[in-house]
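Read the structure below first, then the notes.
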Protein chains: 2
Amino acid sequence: MSTDAPGRRQVTLRDVAQLAGVSVATASKAINGKAEVSPDTRRRVLDVAERLSFTPNALARAMLEGHTGTVGLLTHDLEGRFSLPILMGAEDAFGAGRSSVLLCDSRGDAIREQHHLSTLLGRRVDGLIVVGSQTDARPPLGRDLPVPVVYTYAPSTDPADASVVPDNVTAGRIAVEHLLATGRRRIAHVSGDITYAAATDRAAGADAALAEHGLERVGPVRYGSWSEAWGRSSVAALLEQDVDAIVCGSDQIARGVLDALHDRGVRVPDDVAVIGFDNWEPMIAGCRPALTSIDMNFQMMGRRAAERLFASLEGRDPGGVETVTPRVIVRESTGG
Amino acid sequence: MSTDAPGRRQVTLRDVAQLAGVSVATASKAINGKAEVSPDTRRRVLDVAERLSFTPNALARAMLEGHTGTVGLLTHDLEGRFSLPILMGAEDAFGAGRSSVLLCDSRGDAIREQHHLSTLLGRRVDGLIVVGSQTDARPPLGRDLPVPVVYTYAPSTDPADASVVPDNVTAGRIAVEHLLATGRRRIAHVSGDITYAAATDRAAGADAALAEHGLERVGPVRYGSWSEAWGRSSVAALLEQDVDAIVCGSDQIARGVLDALHDRGVRVPDDVAVIGFDNWEPMIAGCRPALTSIDMNFQMMGRRAAERLFASLEGRDPGGVETVTPRVIVRESTGG
DNA sequence: TAGCGTCCCGAAAAGCGTTTCGGTCACTTT
DNA sequence: AAAGTGACCGAAACGCTTTTCGGGACGCTA
């Protein structure tokens with residue numbers, strides 16, 4: 001059994017030392033730029049290391065130093081278009097800080113999550129980031145974990161845990177304020193599944209912004225599903241009253257709404273403005289006219305989660321829930 | 001500085017042994033189910049281990065055994081909707097085989113890729129999977145790597161390397177054969193960027209299938225971009241001749257085509273059948289009528305890549321390019 | 001019952017690859 | 001000549017598994 005199919009045994013520091021005619025200790029110092037090595041010895045060691053393409057064994061180093069430079073990323077679903085940007089942001093932040101990411105997908109299954117957790121703990125990750133699949137709070141990973149944990153997208157039910165979540169209330173507020181700023185006054189709202197905190201939070205923020213301007217929403221918030229079909233089919237009801245703007249709970253819903261308005265000959269943005277949430281590129285790309293949308297800054301969330309994890313490692317993260325502020329991306333559908 | 005902010009030092013096998021009143025060696029054997037331990041000693045050790053929630057240090061074990069149970073996943077873009085399913089499939093296969101995935105995103109940058117490569121090598125991954133961003137071949141990671149590598153989505157330019165790629169030629173063939181089987185004869189083709197092998201390969205397969213039935217494509221293959229806009233704007237030209245089916249290079253293009261056909265009052269599938277590629281759920285979901293599409297089986301590609309990597313580890317992978325066969329998902333747009 | 005061989009539980013030690021600490025030795029400075 | 005300096009080496013340590021080995025219990029024979 002030739003397990004070493006490609007390129008034999010990994011070359012170790014001892015090999016380098018031996019070939020350079022010095023001790024392992026000296027070789028180590030030479031390679032790590034320590035001072036107590038004469039210039040030509042260093043040069044000789046470095047040459048040999050180069051020639052053997054020596055790569056120090058990070059595992060051995062980790063055992064000494066007590067930390068691995070490795071972080072566990074525990075996600076609930078990899079398909080989700082929300083977890084992806086978060087993952088990117090985190091990977092970005094870690095990459096810069098020379099940490100590597102150990103990725104685990106629990107497929108939304110608590111058993112699998114626990115299994116992955118113990119695997120990661122066994123690999124001695126320095127910390128964990130948990131990416132939820134909904135914005136609703138989730139039970140913490142466990143009590144007395146030996147490493148810090150940052151929850152993102154979905155906060156932990158324990159408010160003392162470190163969580164980084166999107167600010168859906170502010171998102172709703174921003175959407176309405178943008179519409180008001182562009183002269184709209186009669187604003188209706190169609191959203192997704194009412195059991196999602198994202199839907200109700202956005203609606204609450206939108207209503208609050210309206211109230212602050214002495215206005216009221218036109219009609220009820222029409223909750224349904226997060227689909228284009230729902231957006232399309234709800235247009236008839238939305239147009240029963242006189243409206244000049246429609247807030248849509250997601251880009252998909254918005255796209256359905258745009259579609260139905262187009263079919264009915266309602267002009268966007270001239271007759272009605274439309275705004276969505278999530279700023280999901282591939283969905284936006286096909287919209288006619290181009291859709292104004294609230295970007296939840298998911299990538300920033302990932303980055304913040306990573307930063308807070310670093311802070312925790314140094315014992316200087318206070319814990320608690322942090323929200324990431326969304327921003328509006330203005331396009332044609334609100335008459336920019 | 002209290003680096004150990006949460007829950008002190010990790011508990012080691014020595015702690016367990018000490019508390020159980022046995023030697024480390026005995027504790028090890030008790031925990032790993034080795035034979036030479038008396039039943040009640042084992043029970044005692046196991047109890048203590050449980051109580052301290054002892055987790056064996058995978059790093060220490062890795063140093064002994066010579067392999068880490070860790071695999072590097074080097075992707076070019078995390079946004080890409082193609083790399084995701086591949087990643088899922090691989091994660092799936094590894095999870096089952098108790099390997100963990102170290103994720104690195106090179107953002108399409110060769111420098112970053114090399115940097116990640118050396119990091120992964122330093123962490124002594126057992127193997128590597130490289131996920132490309134286009135189906136065009138890419139230069140291999142490097143010569144004489146100490147671990148096996150499997151390239152996926154984009155094959156390595158070295159045909160001896162192990163690669164797993166989608167079979168775009170067969171995909172084109174399957175699309176046309178499905179249309180022929182449902183009675184279509186006058187088939188046009190609109191596709192994306194001509195510089196993508198995916199576009200030209202699919203067209204080649206489609207033409208070959210037509211030729212085998214003594215037919216010819218209606219009009220040229222209209223290459224453009226992978227966007228809905230291109231699909232929409234090319235419909236006029238496509239309809240200049242009498243067609244009863246349109247093969248679209250991607251689901252996005254197909255959606256644009258459907259949209260434009262709808263606006264012109266052309267009925268789908270009654271007048272014209274439409275078929276796309278990629279079977280991309282969120283894009284498909286909004287189509288009216290529901291879009292028939294060729295699923296490239298990306299998840300399967302990821303799984304196969306993982307399986308071949310395992311095979312390589314055991315020295316029993318022959319290398320070479322392997323294609324994954326796509327399948328047609330029939331929906332309304334082809335009149336199923 | 002003493003003496004001998006056998007068996008098995010469990011302790012001790014080696015080894016994985018690296019960093020670091022405490023020496024050693026030769027050479028220079030005062 | 002004593003002290004100081006610089007360059008290098010040996011060994012310990014990290015946490016675990018594995019191999020080796022010691023010693024106690026047990027069974028058999030005389």
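Naming works like this for the structure tokens: A, B, ... for the chains as they're shown, residue 1 at the start of each chain, ligands 1 onward in shown order.
Set the cut-off at 7 Å, count only C-alpha atoms (C1' of nucleotides), and the residues of chain A near chain C turn out to be A:Thr12, A:Asn57, A:Ala60, A:Arg61.
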Please save all heavy atoms of the selected residues as a PDB file, in the first residue's frame.
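Output saved as selection30.pdb:
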ATOM      1  N   THR A  12      10.830  17.423   6.772  1.00  0.00           N
ATOM      2  CA  THR A  12      10.751  18.033   8.096  1.00  0.00           C
ATOM      3  C   THR A  12      11.943  18.931   8.367  1.00  0.00           C
ATOM      4  O   THR A  12      12.929  18.929   7.621  1.00  0.00           O
ATOM      5  CB  THR A  12      10.704  16.955   9.197  1.00  0.00           C
ATOM      6  OG1 THR A  12      12.041  16.726   9.665  1.00  0.00           O
ATOM      7  CG2 THR A  12      10.143  15.656   8.655  1.00  0.00           C
ATOM      8  N   ASN A  57       5.479  22.420   9.629  1.00  0.00           N
ATOM      9  CA  ASN A  57       4.249  21.740   9.990  1.00  0.00           C
ATOM     10  C   ASN A  57       3.455  22.578  10.984  1.00  0.00           C
ATOM     11  O   ASN A  57       3.820  22.708  12.146  1.00  0.00           O
ATOM     12  CB  ASN A  57       4.611  20.389  10.613  1.00  0.00           C
ATOM     13  CG  ASN A  57       3.391  19.546  10.874  1.00  0.00           C
ATOM     14  OD1 ASN A  57       2.326  20.073  11.151  1.00  0.00           O
ATOM     15  ND2 ASN A  57       3.545  18.240  10.767  1.00  0.00           N
ATOM     16  N   ALA A  60       2.385  20.914  14.385  1.00  0.00           N
ATOM     17  CA  ALA A  60       3.373  20.843  15.453  1.00  0.00           C
ATOM     18  C   ALA A  60       3.476  22.200  16.146  1.00  0.00           C
ATOM     19  O   ALA A  60       3.506  22.291  17.374  1.00  0.00           O
ATOM     20  CB  ALA A  60       4.717  20.432  14.883  1.00  0.00           C
ATOM     21  N   ARG A  61       3.500  23.233  15.345  1.00  0.00           N
ATOM     22  CA  ARG A  61       3.597  24.565  15.915  1.00  0.00           C
ATOM     23  C   ARG A  61       2.385  24.856  16.794  1.00  0.00           C
ATOM     24  O   ARG A  61       2.502  25.418  17.881  1.00  0.00           O
ATOM     25  CB  ARG A  61       3.684  25.596  14.787  1.00  0.00           C
ATOM     26  CG  ARG A  61       4.272  26.900  15.237  1.00  0.00           C
ATOM     27  CD  ARG A  61       4.295  27.910  14.125  1.00  0.00           C
ATOM     28  NE  ARG A  61       4.965  27.407  12.922  1.00  0.00           N
ATOM     29  CZ  ARG A  61       5.636  28.184  12.084  1.00  0.00           C
ATOM     30  NH1 ARG A  61       5.737  29.469  12.339  1.00  0.00           N
ATOM     31  NH2 ARG A  61       6.181  27.696  10.998  1.00  0.00           N
TER      32      ARG A  61
END
Legend entry - 9 Å contacts from chain A to chain D using only C-alpha atoms (C1' of nucleotides), as a PyMOL selection string: chain A and resi 22-26+36-38+60-66
Please produce an output containing all heavy atoms for each residue in the selection, written as a short mmCIF file (atom, residue, chain, number, x, y, z; two decimals), in the first residue's frame.
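Final output, saved to out-v3.cif:
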data_model
loop_
_atom_site.label_atom_id
_atom_site.label_comp_id
_atom_site.auth_asym_id
_atom_site.auth_seq_id
_atom_site.Cartn_x
_atom_site.Cartn_y
_atom_site.Cartn_z
N VAL A 22 23.53 21.62 10.48
CA VAL A 22 23.34 22.33 11.74
C VAL A 22 22.33 21.56 12.59
O VAL A 22 21.78 20.56 12.14
CB VAL A 22 22.81 23.76 11.50
CG1 VAL A 22 23.80 24.57 10.71
CG2 VAL A 22 21.46 23.71 10.81
N SER A 23 22.08 22.03 13.80
CA SER A 23 21.07 21.37 14.64
C SER A 23 19.68 21.87 14.27
O SER A 23 19.53 22.91 13.63
CB SER A 23 21.34 21.69 16.11
OG SER A 23 20.96 23.03 16.36
N VAL A 24 18.69 21.12 14.69
CA VAL A 24 17.31 21.51 14.43
C VAL A 24 17.03 22.88 15.01
O VAL A 24 16.37 23.70 14.38
CB VAL A 24 16.32 20.51 15.07
CG1 VAL A 24 15.18 20.22 14.16
CG2 VAL A 24 17.03 19.24 15.45
N ALA A 25 17.55 23.10 16.20
CA ALA A 25 17.30 24.38 16.87
C ALA A 25 17.78 25.54 16.01
O ALA A 25 17.08 26.52 15.80
CB ALA A 25 17.98 24.39 18.22
N THR A 26 19.00 25.40 15.50
CA THR A 26 19.57 26.46 14.68
C THR A 26 18.77 26.65 13.39
O THR A 26 18.49 27.77 12.98
CB THR A 26 21.03 26.13 14.32
OG1 THR A 26 21.74 25.87 15.53
CG2 THR A 26 21.66 27.27 13.58
N GLU A 36 20.06 34.98 16.78
CA GLU A 36 21.33 34.34 17.16
C GLU A 36 21.86 33.36 16.12
O GLU A 36 22.27 32.26 16.46
CB GLU A 36 21.17 33.62 18.50
CG GLU A 36 20.36 34.38 19.53
CD GLU A 36 19.11 33.62 19.88
OE1 GLU A 36 18.91 32.52 19.35
OE2 GLU A 36 18.32 34.14 20.69
N VAL A 37 21.84 33.76 14.88
CA VAL A 37 22.37 32.90 13.83
C VAL A 37 23.27 33.74 12.93
O VAL A 37 22.92 34.87 12.58
CB VAL A 37 21.22 32.30 12.98
CG1 VAL A 37 21.77 31.36 11.94
CG2 VAL A 37 20.20 31.62 13.86
N SER A 38 24.41 33.19 12.59
CA SER A 38 25.32 33.96 11.73
C SER A 38 24.75 34.03 10.32
O SER A 38 24.06 33.11 9.88
CB SER A 38 26.69 33.29 11.70
OG SER A 38 26.63 32.11 10.93
N ALA A 60 2.38 20.91 14.39
CA ALA A 60 3.37 20.84 15.45
C ALA A 60 3.48 22.20 16.15
O ALA A 60 3.51 22.29 17.37
CB ALA A 60 4.72 20.43 14.88
N ARG A 61 3.50 23.23 15.35
CA ARG A 61 3.60 24.57 15.91
C ARG A 61 2.38 24.86 16.79
O ARG A 61 2.50 25.42 17.88
CB ARG A 61 3.68 25.60 14.79
CG ARG A 61 4.27 26.90 15.24
CD ARG A 61 4.29 27.91 14.12
NE ARG A 61 4.97 27.41 12.92
CZ ARG A 61 5.64 28.18 12.08
NH1 ARG A 61 5.74 29.47 12.34
NH2 ARG A 61 6.18 27.70 11.00
N ALA A 62 1.21 24.44 16.29
CA ALA A 62 -0.02 24.70 17.03
C ALA A 62 0.02 24.04 18.40
O ALA A 62 -0.45 24.61 19.39
CB ALA A 62 -1.22 24.19 16.23
N MET A 63 0.59 22.85 18.46
CA MET A 63 0.63 22.14 19.75
C MET A 63 1.43 22.92 20.77
O MET A 63 1.09 22.97 21.94
CB MET A 63 1.24 20.77 19.56
CG MET A 63 0.28 19.81 18.92
SD MET A 63 0.90 18.13 18.98
CE MET A 63 1.13 17.91 20.73
N LEU A 64 2.49 23.54 20.30
CA LEU A 64 3.30 24.34 21.21
C LEU A 64 2.59 25.60 21.64
O LEU A 64 2.44 25.88 22.82
CB LEU A 64 4.61 24.76 20.52
CG LEU A 64 5.82 23.84 20.52
CD1 LEU A 64 6.16 23.44 21.94
CD2 LEU A 64 5.55 22.62 19.69
N GLU A 65 2.13 26.33 20.64
CA GLU A 65 1.60 27.65 20.91
C GLU A 65 0.23 27.62 21.57
O GLU A 65 -0.22 28.61 22.11
CB GLU A 65 1.53 28.45 19.62
CG GLU A 65 2.90 28.60 18.96
CD GLU A 65 2.85 29.54 17.78
OE1 GLU A 65 1.73 29.91 17.36
OE2 GLU A 65 3.92 29.89 17.28
N GLY A 66 -0.45 26.50 21.47
CA GLY A 66 -1.75 26.40 22.14
C GLY A 66 -2.92 26.91 21.33
O GLY A 66 -4.05 26.83 21.75
#
Write out, as JSON lines, each residue of chain A that has an atom at most 8 Å from chain B, together with the closest pair of atoms and their distance in Å to one decimal, counting only C-alpha atoms, rows going by chain and rising number.
{"residue": "A:Met1", "atom": "CA", "partner": "B:Glu314", "partner_atom": "CA", "distance": 7.5}
{"residue": "A:Ser2", "atom": "CA", "partner": "B:Gly315", "partner_atom": "CA", "distance": 6.3}
{"residue": "A:Thr3", "atom": "CA", "partner": "B:Glu314", "partner_atom": "CA", "distance": 5.4}
{"residue": "A:Asp4", "atom": "CA", "partner": "B:Gly315", "partner_atom": "CA", "distance": 7.6}
{"residue": "A:Ala5", "atom": "CA", "partner": "B:Gly315", "partner_atom": "CA", "distance": 5.3}
{"residue": "A:Pro6", "atom": "CA", "partner": "B:Pro146", "partner_atom": "CA", "distance": 5.8}
{"residue": "A:Gly7", "atom": "CA", "partner": "B:Pro146", "partner_atom": "CA", "distance": 4.8}
{"residue": "A:Arg8", "atom": "CA", "partner": "B:Pro146", "partner_atom": "CA", "distance": 6.9}
{"residue": "A:Arg9", "atom": "CA", "partner": "B:Pro146", "partner_atom": "CA", "distance": 7.8}
{"residue": "A:Gln10", "atom": "CA", "partner": "B:Pro146", "partner_atom": "CA", "distance": 6.8}
{"residue": "A:Thr55", "atom": "CA", "partner": "B:Gly122", "partner_atom": "CA", "distance": 5.7}
{"residue": "A:Pro56", "atom": "CA", "partner": "B:Gly122", "partner_atom": "CA", "distance": 5.9}
{"residue": "A:Asn57", "atom": "CA", "partner": "B:Gly122", "partner_atom": "CA", "distance": 5.3}
{"residue": "A:Ala58", "atom": "CA", "partner": "B:Arg123", "partner_atom": "CA", "distance": 5.0}
{"residue": "A:Leu59", "atom": "CA", "partner": "B:Leu59", "partner_atom": "CA", "distance": 6.0}
{"residue": "A:Ala60", "atom": "CA", "partner": "B:Met63", "partner_atom": "CA", "distance": 7.3}
{"residue": "A:Met63", "atom": "CA", "partner": "B:Ala60", "partner_atom": "CA", "distance": 7.4}
{"residue": "A:Leu78", "atom": "CA", "partner": "B:Met88", "partner_atom": "CA", "distance": 6.7}
{"residue": "A:Glu79", "atom": "CA", "partner": "B:Leu84", "partner_atom": "CA", "distance": 7.1}
{"residue": "A:Leu84", "atom": "CA", "partner": "B:Glu79", "partner_atom": "CA", "distance": 7.1}
{"residue": "A:Pro85", "atom": "CA", "partner": "B:Glu79", "partner_atom": "CA", "distance": 7.3}
{"residue": "A:Met88", "atom": "CA", "partner": "B:Leu78", "partner_atom": "CA", "distance": 6.7}
{"residue": "A:Glu91", "atom": "CA", "partner": "B:Cys104", "partner_atom": "CA", "distance": 7.4}
{"residue": "A:Ser100", "atom": "CA", "partner": "B:Leu102", "partner_atom": "CA", "distance": 6.9}
{"residue": "A:Val101", "atom": "CA", "partner": "B:Leu103", "partner_atom": "CA", "distance": 5.6}
{"residue": "A:Leu102", "atom": "CA", "partner": "B:Leu102", "partner_atom": "CA", "distance": 4.6}
{"residue": "A:Leu103", "atom": "CA", "partner": "B:Val101", "partner_atom": "CA", "distance": 5.6}
{"residue": "A:Cys104", "atom": "CA", "partner": "B:Val101", "partner_atom": "CA", "distance": 7.3}
{"residue": "A:Asp105", "atom": "CA", "partner": "B:Glu91", "partner_atom": "CA", "distance": 7.5}
{"residue": "A:Ser118", "atom": "CA", "partner": "B:Thr55", "partner_atom": "CA", "distance": 7.5}
{"residue": "A:Leu121", "atom": "CA", "partner": "B:Thr55", "partner_atom": "CA", "distance": 7.2}
{"residue": "A:Gly122", "atom": "CA", "partner": "B:Asn57", "partner_atom": "CA", "distance": 5.2}
{"residue": "A:Arg123", "atom": "CA", "partner": "B:Ala58", "partner_atom": "CA", "distance": 5.0}
{"residue": "A:Arg124", "atom": "CA", "partner": "B:Asn57", "partner_atom": "CA", "distance": 6.8}
{"residue": "A:Asp144", "atom": "CA", "partner": "B:Gly7", "partner_atom": "CA", "distance": 6.0}
{"residue": "A:Leu145", "atom": "CA", "partner": "B:Gly7", "partner_atom": "CA", "distance": 6.4}
{"residue": "A:Pro146", "atom": "CA", "partner": "B:Gly7", "partner_atom": "CA", "distance": 4.8}
{"residue": "A:Val147", "atom": "CA", "partner": "B:Pro6", "partner_atom": "CA", "distance": 5.9}
{"residue": "A:Pro148", "atom": "CA", "partner": "B:Pro6", "partner_atom": "CA", "distance": 6.3}
{"residue": "A:Ser227", "atom": "CA", "partner": "B:Gly286", "partner_atom": "CA", "distance": 7.6}
{"residue": "A:Glu228", "atom": "CA", "partner": "B:Gly286", "partner_atom": "CA", "distance": 5.6}
{"residue": "A:Ala229", "atom": "CA", "partner": "B:Gly286", "partner_atom": "CA", "distance": 6.8}
{"residue": "A:Gly256", "atom": "CA", "partner": "B:Gly286", "partner_atom": "CA", "distance": 7.7}
{"residue": "A:Met283", "atom": "CA", "partner": "B:Met283", "partner_atom": "CA", "distance": 7.6}
{"residue": "A:Ala285", "atom": "CA", "partner": "B:Glu228", "partner_atom": "CA", "distance": 7.7}
{"residue": "A:Gly286", "atom": "CA", "partner": "B:Glu228", "partner_atom": "CA", "distance": 5.6}
{"residue": "A:Ser312", "atom": "CA", "partner": "B:Ala5", "partner_atom": "CA", "distance": 7.4}
{"residue": "A:Leu313", "atom": "CA", "partner": "B:Thr3", "partner_atom": "CA", "distance": 6.1}
{"residue": "A:Glu314", "atom": "CA", "partner": "B:Thr3", "partner_atom": "CA", "distance": 5.5}
{"residue": "A:Gly315", "atom": "CA", "partner": "B:Ala5", "partner_atom": "CA", "distance": 5.3}
Inset, instruction - Using DSSP on the backbone, list every residue of range 93-170 of chain A that comes out as strand (DSSP E), and give them as a VMD selection string. - result: chain A and resid 100 to 105 127 to 131 149 to 152 162 to 166
Taking N, CA and C atoms for each residue, export the selection above as a tab-separated table (two decimals), in the first residue's frame.
chain	number	residue	atom	x	y	z
A	100	SER	N	-7.36	30.18	9.06
A	100	SER	CA	-8.04	29.38	8.05
A	100	SER	C	-9.42	28.99	8.54
A	101	VAL	N	-10.29	28.73	7.57
A	101	VAL	CA	-11.68	28.46	7.89
A	101	VAL	C	-12.01	26.98	7.67
A	102	LEU	N	-12.52	26.37	8.71
A	102	LEU	CA	-12.99	24.99	8.61
A	102	LEU	C	-14.50	25.04	8.42
A	103	LEU	N	-14.96	24.62	7.26
A	103	LEU	CA	-16.37	24.80	6.93
A	103	LEU	C	-17.20	23.55	7.22
A	104	CYS	N	-18.34	23.75	7.90
A	104	CYS	CA	-19.25	22.65	8.16
A	104	CYS	C	-20.67	23.08	7.86
A	105	ASP	N	-21.41	22.25	7.19
A	105	ASP	CA	-22.80	22.55	6.87
A	105	ASP	C	-23.68	21.57	7.62
A	127	GLY	N	-11.93	29.36	17.56
A	127	GLY	CA	-13.23	29.97	17.78
A	127	GLY	C	-14.23	29.47	16.76
A	128	LEU	N	-15.48	29.90	16.93
A	128	LEU	CA	-16.55	29.43	16.06
A	128	LEU	C	-17.44	30.58	15.61
A	129	ILE	N	-17.86	30.50	14.35
A	129	ILE	CA	-18.91	31.40	13.88
A	129	ILE	C	-20.07	30.53	13.45
A	130	VAL	N	-21.25	30.86	13.95
A	130	VAL	CA	-22.44	30.10	13.59
A	130	VAL	C	-23.32	30.96	12.71
A	131	VAL	N	-23.60	30.47	11.51
A	131	VAL	CA	-24.45	31.22	10.58
A	131	VAL	C	-25.82	30.59	10.54
A	149	VAL	N	-17.64	31.92	20.69
A	149	VAL	CA	-18.58	31.70	19.59
A	149	VAL	C	-19.23	33.03	19.23
A	150	VAL	N	-19.35	33.27	17.94
A	150	VAL	CA	-20.12	34.43	17.48
A	150	VAL	C	-21.25	33.92	16.60
A	151	TYR	N	-22.46	34.32	16.93
A	151	TYR	CA	-23.63	33.93	16.14
A	151	TYR	C	-23.91	35.03	15.13
A	152	THR	N	-24.24	34.62	13.91
A	152	THR	CA	-24.54	35.66	12.94
A	152	THR	C	-25.75	35.27	12.09
A	162	ALA	N	-22.34	36.62	21.95
A	162	ALA	CA	-22.02	37.59	20.90
A	162	ALA	C	-22.79	37.24	19.63
A	163	SER	N	-23.58	38.18	19.15
A	163	SER	CA	-24.35	37.96	17.92
A	163	SER	C	-24.22	39.16	16.99
A	164	VAL	N	-24.23	38.89	15.71
A	164	VAL	CA	-24.22	39.96	14.70
A	164	VAL	C	-25.37	39.70	13.75
A	165	VAL	N	-26.32	40.61	13.72
A	165	VAL	CA	-27.53	40.35	12.94
A	165	VAL	C	-27.87	41.54	12.04
A	166	PRO	N	-28.65	41.28	11.00
A	166	PRO	CA	-29.10	42.38	10.14
A	166	PRO	C	-30.15	43.21	10.87
Inset, instruction - Within 7 Å of Arg184 in chain A, counting only C-alpha atoms (C1' of nucleotides), which residues show up once you throw out same-chain ones fewer than 3 positions away? Write them as JSON, numbers by chain, please. - result: {"A": [179, 180, 244, 245]}
Inset, instruction - Please provide the set of residues having any atom within 12 Å of Ile294 in chain B, restricted to only C-alpha atoms (C1' of nucleotides), with same-chain residues fewer than 4 positions apart removed, written as JSON, numbers by chain. - result: {"B": [166, 167, 168, 169, 170, 171, 172, 173, 174, 175, 176, 177, 178, 179, 202, 247, 248, 249, 250, 251, 254, 274, 275, 276, 277, 278, 279, 280, 281, 284, 298, 325, 326, 327, 328, 329, 330, 331]}
Legend entry - Interatomic distance, CA of Val268 in chain B to CA of Ala188 in chain B (Å, one decimal):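 Result for CA of Val268 in chain B versus CA of Ala188 in chain B: 14.7 Å, one decimal.
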Inset, instruction - Just give me the gap between CA of Ile86 in chain B and CA of Met300 in chain B in Å, one decimal is fine. - result: 7.3 Å
Inset, instruction - Figure out the distance between CA of Ile187 in chain A and CA of Arg217 in chain A, please, to one decimal in Å. - result: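 Computing it gives 5.7 Å between the two atoms.
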Legend entry - Contacts of Gly192 in chain B at 7 Å (only C-alpha atoms (C1' of nucleotides); same-chain gap of 3+ positions) as a list in words: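 Listing them by chain and then by number gives Ala199, Tyr223, Gly224, Ser225, Trp226 and Gly249 of chain B.
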If you keep N, CA and C atoms, can you produce a file of those selected residues as a compact mmCIF listing (two decimals), in the first residue's frame?
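The resulting file, part_0.txt, is reproduced below:
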# COMPACT_ATOMS: atom_id res chain seq x y z
N ALA B 199 -20.43 27.55 -23.63
CA ALA B 199 -21.34 27.98 -24.70
C ALA B 199 -21.10 27.18 -25.97
N TYR B 223 -24.62 33.95 -30.22
CA TYR B 223 -23.85 34.16 -28.99
C TYR B 223 -23.97 35.60 -28.55
N GLY B 224 -23.97 35.81 -27.24
CA GLY B 224 -24.05 37.18 -26.72
C GLY B 224 -23.52 37.21 -25.31
N SER B 225 -24.39 37.44 -24.35
CA SER B 225 -23.96 37.40 -22.95
C SER B 225 -24.92 36.49 -22.17
N TRP B 226 -24.51 36.13 -20.95
CA TRP B 226 -25.31 35.20 -20.15
C TRP B 226 -26.42 35.93 -19.39
N GLY B 249 -28.82 29.11 -23.94
CA GLY B 249 -27.55 28.72 -23.33
C GLY B 249 -27.52 28.71 -21.82
